[in-house]
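*Asks:* Here it is, the structure, as C-alpha cells.
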Amino acid sequence: MTLSLERINAAAPREFCALLDGIYERSPWIAEQAAVRRPLRSLAELKVALVDAVRAAGRGRQLALINAHARVIGRTAIERIIATEAANASAAPTERTQDKLATLSRLDAEYRGRFEFPFLVALQGPRARGVPPDDVLATIERRLGNHPDFELAEALRNIHRYAETRLDDAFAFVPGLGNAVWDWAEMLAEHSDPGYAERGQLTVTYLTDAHRACARRLAGWMRECGFDSVEVDAVGNVVGVYHGADSERKRLLTGSHYDTVRNAGRYDGRLGILVPMACVRELKRAGCRLPFGLEVVGFAEEEGQRYKAVFLGSGALTGHFDLRWLEQKDADGVTMRAAMTHAGLRIDDIATLTRDPARYLGFVEVHIEQGPVLDEIGIPLGIVTSINGGVRFVGEIAGMASHAGTTPMDGRRDAAAAAAELVLYVEKRASAVPNVVGTVGMLDVPSGSINVVPGRCRFSLDIRSTTDAARDACVNDVLAELARICDRRGVVFAVEETLRVPAAPSAPEWQRRWENAVAALGLPIHRMPSGAGHDAMKLHEVMPQAMLFVRGGNSGISHNPLETISNDDAHLAVCAFRALLENLGRELGS
C-alpha cells in the first residue's frame, strides 16, 4: 500500500515504525527516533528526520547499520557485475566476469582490512538508474584513500541514498522536475572541447565549437519550455524572458554560467540555468503568468579558462565589460575579438547589454555548493549569507642555499622552513575567526636539491571571508607574522597582491525569501557562506542578490568529474525556486 504523510502522521508510534520497516535494513530504532519529529510536513522532512536519527546514534549502531546493509548492497553489486558482463561480452564472458569479480573481491578485502567494516555504495545512483560496474570498482578504489572516520560517514551517506529511493517508491513519488534537470545536464555535457572530448572529459571554454553548441542547445530548450523570447546576445549569453501578466512590469533576473573549467563536473553553473528553466516550463504548462517578468541568463563565461578576463557574461550585463579584453590571446594566439567575430557575435552591441537596475527586482542564483558542508550534515539545500571576498598574493622568501650536511642547524637561513611556519600560522589564524579561510596552495623551491638547504621558496596566499573587514584583518596579521618569521630566521621576503575581490553579502530581503521558500518544503534552514566566486558577485554591484545552494554528492567535490547531485535534490531546488516565485507573486500582487 502506498504511504502518505497523512497516514504516517496519524499512525501510533509502533505502527509508524511498521510502515517504515525495510526502508533501513533491520534498524527499527531509526524510525523510532524519527517518530518524535511528527507532524512531518513533507517527504523531504521525513528523510531529514531519518538522517538526523542516524547522525545522533553512537558508532556501535552506525556500524551495525552498515553491516546490515552490506548483506544486501554487497550481494547486489556482485550480481550486477555478473549480469552486466554476461550481457555485454561478445567473447569469453566468463573470463572477463571472473576478472572483475576477482578485482571486486580483492578491493573489498583491502577495504575491510583498512576500515574494519564493509564497502557500501548506493547502486541506484544519482538518477536512480543504477551505477555501472566499472564505476563501482573505481569508487571503492578511490575511497580506500579516505580517513576511517570520513569513510564511515560516507558509507552512511550511501545508505541514506539507498533509503531515499526506497522511500520514494513507498510514497509513489517520482522526482520528475529533478529528473528533467538531471537529464538536461547530462545532455549538455555531451559537448566538450577537442582534446578533452576524446578522453571522455568535460571542458567547455569560451566560444569554442562545444561552447557554441551548448548555447544553441540551451536556447532550443528555452523555446521548448515556453519562454516568450530567447536570444544569444553580443557576448554569447543565452537570454530567455518569460513575461509577467504585464510585460512592462519589473523582472526578476536569474541564471548562472555554462562554461566550465578543464575536466569539469556537470553542474557547476549549469544548475542555475536549468532549475529556472524547469520552473518556466511548469508555469507555461499551467498557463500561469506572474505579476513580474522572469529573465533567465546562461552566462557565457565565468571561469576565466580561455582568456585571463573573467565574468565576461555577467560583467556585460553590469556594464563592466572592458573592451581592452578583446585583444587578449588564448594559448593558440587567437584574440578574443577574433573568437567573437568567428562566432558571429556583434562586438559593437556589447555596450547595449548593460541592464538598468531600476527595471529589475533583483538577482537570484541557484548553485551547487562546491563544498562538503550540506553533504556532511545531510541537508539538501542551504541559504547563502554572503559570497566571500578574497585577496590573493604571490610571494618569495630568500635565505641562503647551503650544504645540508655541513651547515649547522643554528646557522641556517632556510627559506622553506620559514614558508612552513607561515603555512601553519595561516591555518591557525584563519581557524580562530568564524567564516575566514586561508590557504597556501603553492609552494616551490626553485632548483631544490635533496642535499641543499633551500635558499629560496615561492608561495601563494589566498585569504577569504564573508566580510572585507574580517578578511583584511587576517591579511594584516598574516603579513605581520611573515615579517616576524623572516626577521627571526635571517631571511627576507617579497609579496605581490594579484587579486582583490570584495565580499558580496546577500540582500536581507532576498535571503529571507529563499529561507521562506526552503521552509515551505519542510526543510531546516541552514545558513552558510560561499567560499567560491559566482556571477552573483557581479550582479551584486548593481542590484540586490541572494543565492541558494544545492547539496553536492561525493563530499561536495566540484571542478571535478566526480561532481554530482541527486535527482531528488534537484527536484527540491526546482520546488524551492517555484515557491520563491509564488511567494514573490503574492507579495507584489497584494
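In the C-alpha cells, the first chain shown is A, the next is B, and so on; residue numbers restart at 1 for each chain, and ligands run from 1 in the order shown.
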Which neighbours of stretch 3-15 of chain A fall inside 10 Å, counting only C-alpha atoms, when residues of the same chain fewer than 6 positions from it are skipped, and could you give them as a list in words?
*Replies:*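 So, after excluding close chain neighbours, the residues are Asp21, Pro28, Ala31, Glu32, Gln33, Ala34, Ala35, Val36, Arg37, Arg38, Pro39, Leu40, Arg41, Ser42, Leu43, Leu46, Leu167, Asp168, Asp169, Ala170, Phe171, Ala172 and Phe173 of chain A.
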*Asks:* Would you mind writing down, as a PyMOL selection string, each residue of stretch 53-245 of chain A that DSSP on the backbone assigns to strand (DSSP E or B)?
*Replies:* chain A and resi 229-232+238-242
*Asks:* Could you dump the residues just selected with all heavy atoms as a PDB file, in the first residue's frame?
*Replies:*
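Saved result, part.pdb, follows:
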ATOM      1  N   SER A 229      10.688  35.028 -25.310  1.00  0.00           N
ATOM      2  CA  SER A 229      11.758  35.434 -26.218  1.00  0.00           C
ATOM      3  C   SER A 229      13.053  34.773 -25.777  1.00  0.00           C
ATOM      4  O   SER A 229      13.281  34.588 -24.579  1.00  0.00           O
ATOM      5  CB  SER A 229      11.928  36.958 -26.242  1.00  0.00           C
ATOM      6  OG  SER A 229      12.400  37.439 -24.998  1.00  0.00           O
ATOM      7  N   VAL A 230      13.861  34.388 -26.760  1.00  0.00           N
ATOM      8  CA  VAL A 230      15.145  33.745 -26.493  1.00  0.00           C
ATOM      9  C   VAL A 230      16.155  34.306 -27.481  1.00  0.00           C
ATOM     10  O   VAL A 230      15.875  34.399 -28.680  1.00  0.00           O
ATOM     11  CB  VAL A 230      15.068  32.211 -26.647  1.00  0.00           C
ATOM     12  CG1 VAL A 230      16.433  31.585 -26.367  1.00  0.00           C
ATOM     13  CG2 VAL A 230      14.006  31.621 -25.734  1.00  0.00           C
ATOM     14  N   GLU A 231      17.330  34.676 -26.991  1.00  0.00           N
ATOM     15  CA  GLU A 231      18.371  35.171 -27.888  1.00  0.00           C
ATOM     16  C   GLU A 231      19.748  34.827 -27.335  1.00  0.00           C
ATOM     17  O   GLU A 231      19.913  34.591 -26.137  1.00  0.00           O
ATOM     18  CB  GLU A 231      18.271  36.685 -28.062  1.00  0.00           C
ATOM     19  CG  GLU A 231      18.588  37.466 -26.792  1.00  0.00           C
ATOM     20  CD  GLU A 231      18.834  38.943 -27.053  1.00  0.00           C
ATOM     21  OE1 GLU A 231      19.082  39.307 -28.208  1.00  0.00           O
ATOM     22  OE2 GLU A 231      18.788  39.720 -26.079  1.00  0.00           O
ATOM     23  N   VAL A 232      20.726  34.792 -28.222  1.00  0.00           N
ATOM     24  CA  VAL A 232      22.133  34.737 -27.835  1.00  0.00           C
ATOM     25  C   VAL A 232      22.680  36.134 -28.060  1.00  0.00           C
ATOM     26  O   VAL A 232      22.664  36.640 -29.187  1.00  0.00           O
ATOM     27  CB  VAL A 232      22.910  33.705 -28.662  1.00  0.00           C
ATOM     28  CG1 VAL A 232      24.390  33.732 -28.280  1.00  0.00           C
ATOM     29  CG2 VAL A 232      22.339  32.305 -28.450  1.00  0.00           C
ATOM     30  N   VAL A 238      23.069  33.339 -23.247  1.00  0.00           N
ATOM     31  CA  VAL A 238      21.774  32.844 -23.719  1.00  0.00           C
ATOM     32  C   VAL A 238      20.717  33.435 -22.798  1.00  0.00           C
ATOM     33  O   VAL A 238      20.713  33.167 -21.594  1.00  0.00           O
ATOM     34  CB  VAL A 238      21.708  31.312 -23.694  1.00  0.00           C
ATOM     35  CG1 VAL A 238      20.373  30.827 -24.259  1.00  0.00           C
ATOM     36  CG2 VAL A 238      22.859  30.714 -24.492  1.00  0.00           C
ATOM     37  N   VAL A 239      19.838  34.250 -23.365  1.00  0.00           N
ATOM     38  CA  VAL A 239      18.885  35.021 -22.560  1.00  0.00           C
ATOM     39  C   VAL A 239      17.465  34.626 -22.918  1.00  0.00           C
ATOM     40  O   VAL A 239      17.037  34.743 -24.076  1.00  0.00           O
ATOM     41  CB  VAL A 239      19.065  36.539 -22.785  1.00  0.00           C
ATOM     42  CG1 VAL A 239      18.125  37.329 -21.885  1.00  0.00           C
ATOM     43  CG2 VAL A 239      20.515  36.947 -22.546  1.00  0.00           C
ATOM     44  N   GLY A 240      16.736  34.132 -21.908  1.00  0.00           N
ATOM     45  CA  GLY A 240      15.324  33.797 -22.095  1.00  0.00           C
ATOM     46  C   GLY A 240      14.459  34.644 -21.196  1.00  0.00           C
ATOM     47  O   GLY A 240      14.776  34.838 -20.014  1.00  0.00           O
ATOM     48  N   VAL A 241      13.367  35.171 -21.741  1.00  0.00           N
ATOM     49  CA  VAL A 241      12.455  36.028 -20.972  1.00  0.00           C
ATOM     50  C   VAL A 241      11.064  35.397 -20.967  1.00  0.00           C
ATOM     51  O   VAL A 241      10.529  35.021 -22.026  1.00  0.00           O
ATOM     52  CB  VAL A 241      12.377  37.446 -21.567  1.00  0.00           C
ATOM     53  CG1 VAL A 241      11.350  38.286 -20.810  1.00  0.00           C
ATOM     54  CG2 VAL A 241      13.749  38.112 -21.525  1.00  0.00           C
ATOM     55  N   TYR A 242      10.502  35.266 -19.777  1.00  0.00           N
ATOM     56  CA  TYR A 242       9.114  34.830 -19.618  1.00  0.00           C
ATOM     57  C   TYR A 242       8.364  36.007 -19.019  1.00  0.00           C
ATOM     58  O   TYR A 242       8.580  36.380 -17.868  1.00  0.00           O
ATOM     59  CB  TYR A 242       9.031  33.610 -18.702  1.00  0.00           C
ATOM     60  CG  TYR A 242       7.650  33.008 -18.604  1.00  0.00           C
ATOM     61  CD1 TYR A 242       7.104  32.304 -19.676  1.00  0.00           C
ATOM     62  CD2 TYR A 242       6.896  33.133 -17.441  1.00  0.00           C
ATOM     63  CE1 TYR A 242       5.839  31.746 -19.592  1.00  0.00           C
ATOM     64  CE2 TYR A 242       5.627  32.579 -17.345  1.00  0.00           C
ATOM     65  CZ  TYR A 242       5.100  31.880 -18.424  1.00  0.00           C
ATOM     66  OH  TYR A 242       3.836  31.321 -18.344  1.00  0.00           O
TER      67      TYR A 242
END
*Asks:* Between A:Ile377, A:Ser105, A:Met1, A:Ser192, which is the closest to A:Glu141 once you count only C-alpha atoms?
*Replies:*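 The shortest atom-to-atom distance to A:Glu141 comes from A:Ser105.
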*Asks:* Using only C-alpha atoms, what does the table of stretch 197-235 of chain A residues within 12 Å of stretch 352-373 of chain A look like, with each row giving the shortest atom pair and its distance in Å to one decimal, sorted by chain and ascending number, as CSV?
*Replies:*
residue,atom,partner,partner_atom,distance
A:Val232,CA,A:Leu353,CA,11.3
A:Asp233,CA,A:Leu353,CA,7.8
A:Ala234,CA,A:Leu353,CA,7.7
A:Val235,CA,A:Leu353,CA,8.8
*Asks:* Any chance you could export the current selection's N, CA, C and O atoms as a PDB file, in the first residue's frame?
*Replies:*
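This is the output file again-v4.pdb:
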ATOM      1  N   VAL A 232      20.726  34.792 -28.222  1.00  0.00           N
ATOM      2  CA  VAL A 232      22.133  34.737 -27.835  1.00  0.00           C
ATOM      3  C   VAL A 232      22.680  36.134 -28.060  1.00  0.00           C
ATOM      4  O   VAL A 232      22.664  36.640 -29.187  1.00  0.00           O
ATOM      5  N   ASP A 233      23.142  36.783 -26.991  1.00  0.00           N
ATOM      6  CA  ASP A 233      23.481  38.199 -27.105  1.00  0.00           C
ATOM      7  C   ASP A 233      24.915  38.403 -27.603  1.00  0.00           C
ATOM      8  O   ASP A 233      25.597  37.460 -28.019  1.00  0.00           O
ATOM      9  N   ALA A 234      25.377  39.641 -27.537  1.00  0.00           N
ATOM     10  CA  ALA A 234      26.641  40.031 -28.180  1.00  0.00           C
ATOM     11  C   ALA A 234      27.888  39.460 -27.518  1.00  0.00           C
ATOM     12  O   ALA A 234      28.971  39.539 -28.091  1.00  0.00           O
ATOM     13  N   VAL A 235      27.777  38.882 -26.300  1.00  0.00           N
ATOM     14  CA  VAL A 235      28.939  38.219 -25.706  1.00  0.00           C
ATOM     15  C   VAL A 235      28.743  36.708 -25.605  1.00  0.00           C
ATOM     16  O   VAL A 235      29.596  35.999 -25.080  1.00  0.00           O
TER      17      VAL A 235
END
*Asks:* Can I get the residues of stretch 379-429 of chain A within 10 Å of stretch 568-580 of chain A, each with the closest pair of atoms and their distance in Å to one decimal, using only C-alpha atoms, sorted chain first then ascending number, as JSON lines?
*Replies:*
{"residue": "A:Ile379", "atom": "CA", "partner": "A:Asp569", "partner_atom": "CA", "distance": 9.3}
{"residue": "A:Pro380", "atom": "CA", "partner": "A:Asp569", "partner_atom": "CA", "distance": 5.8}
{"residue": "A:Leu381", "atom": "CA", "partner": "A:Ala573", "partner_atom": "CA", "distance": 7.3}
*Asks:* Can I get the selected residues back with C-alpha atoms, as a PDB file, in the first residue's frame?
*Replies:*
ATOM      1  CA  ILE A 379      20.542  18.673   4.295  1.00  0.00           C
ATOM      2  CA  PRO A 380      19.745  19.128   0.587  1.00  0.00           C
ATOM      3  CA  LEU A 381      19.512  22.940   0.384  1.00  0.00           C
TER       4      LEU A 381
END
*Asks:* Do you know which residues are at most 8 Å from A:Pro529 counting only C-alpha atoms, after dropping those on the same chain fewer than 2 positions away, and could you put them as a VMD selection string?
*Replies:* chain A and resid 384 to 388 435 466 527 531
*Asks:* Could the residues in this selection be saved with C-alpha atoms as a compact mmCIF listing (two decimals), in the first residue's frame?
*Replies:*
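Final file, out.txt:
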# COMPACT_ATOMS: atom_id res chain seq x y z
CA VAL A 384 23.91 31.66 1.22
CA THR A 385 24.55 34.56 3.59
CA SER A 386 27.47 36.11 1.72
CA ILE A 387 29.90 35.37 -1.08
CA ASN A 388 33.39 35.62 0.35
CA ASN A 435 33.89 32.48 8.25
CA THR A 466 32.25 36.89 4.32
CA ARG A 527 22.68 29.47 6.53
CA GLY A 531 33.75 30.44 -0.37
*Asks:* Find, counting only C-alpha atoms, the residue in A:Arg143, A:His191, A:Arg551, A:Arg199 that gets nearest to A:Arg217.
*Replies:*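 Selected residue with least distance to A:Arg217: A:His191.
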*Asks:* Of the candidates A:Ile159, A:Val174, A:Val437, A:Val492, which shows the shortest atom-to-atom distance to A:Arg127, using only C-alpha atoms?
*Replies:*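 Closest to A:Arg127 of all the choices is A:Val174.
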*Asks:* Name all residues at most 10 Å from stretch 244-246 of chain A (count only C-alpha atoms; drop same-chain ones fewer than 6 positions away) and give them as a PyMOL selection string.
*Replies:* chain A and resi 288-294+585
*Asks:* Limited to N, CA, C and O atoms, could you put the picked residues into a file as a short mmCIF file (atom, residue, chain, number, x, y, z; two decimals), in the first residue's frame?
*Replies:*
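See out-v8.cif below for the written result:
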data_model
loop_
_atom_site.label_atom_id
_atom_site.label_comp_id
_atom_site.auth_asym_id
_atom_site.auth_seq_id
_atom_site.Cartn_x
_atom_site.Cartn_y
_atom_site.Cartn_z
N CYS A 288 0.18 29.94 -16.42
CA CYS A 288 0.31 30.90 -15.32
C CYS A 288 1.25 32.03 -15.69
O CYS A 288 2.34 31.80 -16.22
N ARG A 289 0.84 33.25 -15.40
CA ARG A 289 1.69 34.43 -15.54
C ARG A 289 1.83 35.09 -14.18
O ARG A 289 0.86 35.27 -13.45
N LEU A 290 3.05 35.44 -13.84
CA LEU A 290 3.34 36.08 -12.57
C LEU A 290 3.16 37.58 -12.68
O LEU A 290 3.15 38.12 -13.80
N PRO A 291 3.03 38.28 -11.56
CA PRO A 291 2.93 39.75 -11.62
C PRO A 291 4.28 40.43 -11.83
O PRO A 291 4.47 41.58 -11.46
N PHE A 292 5.22 39.71 -12.38
CA PHE A 292 6.54 40.24 -12.74
C PHE A 292 7.12 39.33 -13.81
O PHE A 292 6.67 38.18 -13.99
N GLY A 293 8.08 39.82 -14.54
CA GLY A 293 8.73 39.00 -15.54
C GLY A 293 9.90 38.22 -14.95
O GLY A 293 10.43 38.55 -13.89
N LEU A 294 10.29 37.16 -15.66
CA LEU A 294 11.43 36.36 -15.25
C LEU A 294 12.42 36.29 -16.40
O LEU A 294 12.07 35.90 -17.51
N GLY A 585 5.21 36.55 -6.03
CA GLY A 585 3.99 36.95 -6.74
C GLY A 585 2.92 37.43 -5.79
O GLY A 585 2.23 38.42 -6.06
#
*Asks:* Which residue, A:Leu120, A:Val51, A:Val501, A:Leu422, has the smallest gap to A:Leu479 when you use only C-alpha atoms?
*Replies:*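 Under the stated criterion, the closest residue is A:Leu422.
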*Asks:* Would you pick out the contacts of A:Thr467 at 7 Å or less, using only C-alpha atoms, so that residues sharing its chain but fewer than 4 positions from it are not included, and give the list as an NGL selection string?
*Replies:* :A and (388-389 or 471 or 503)
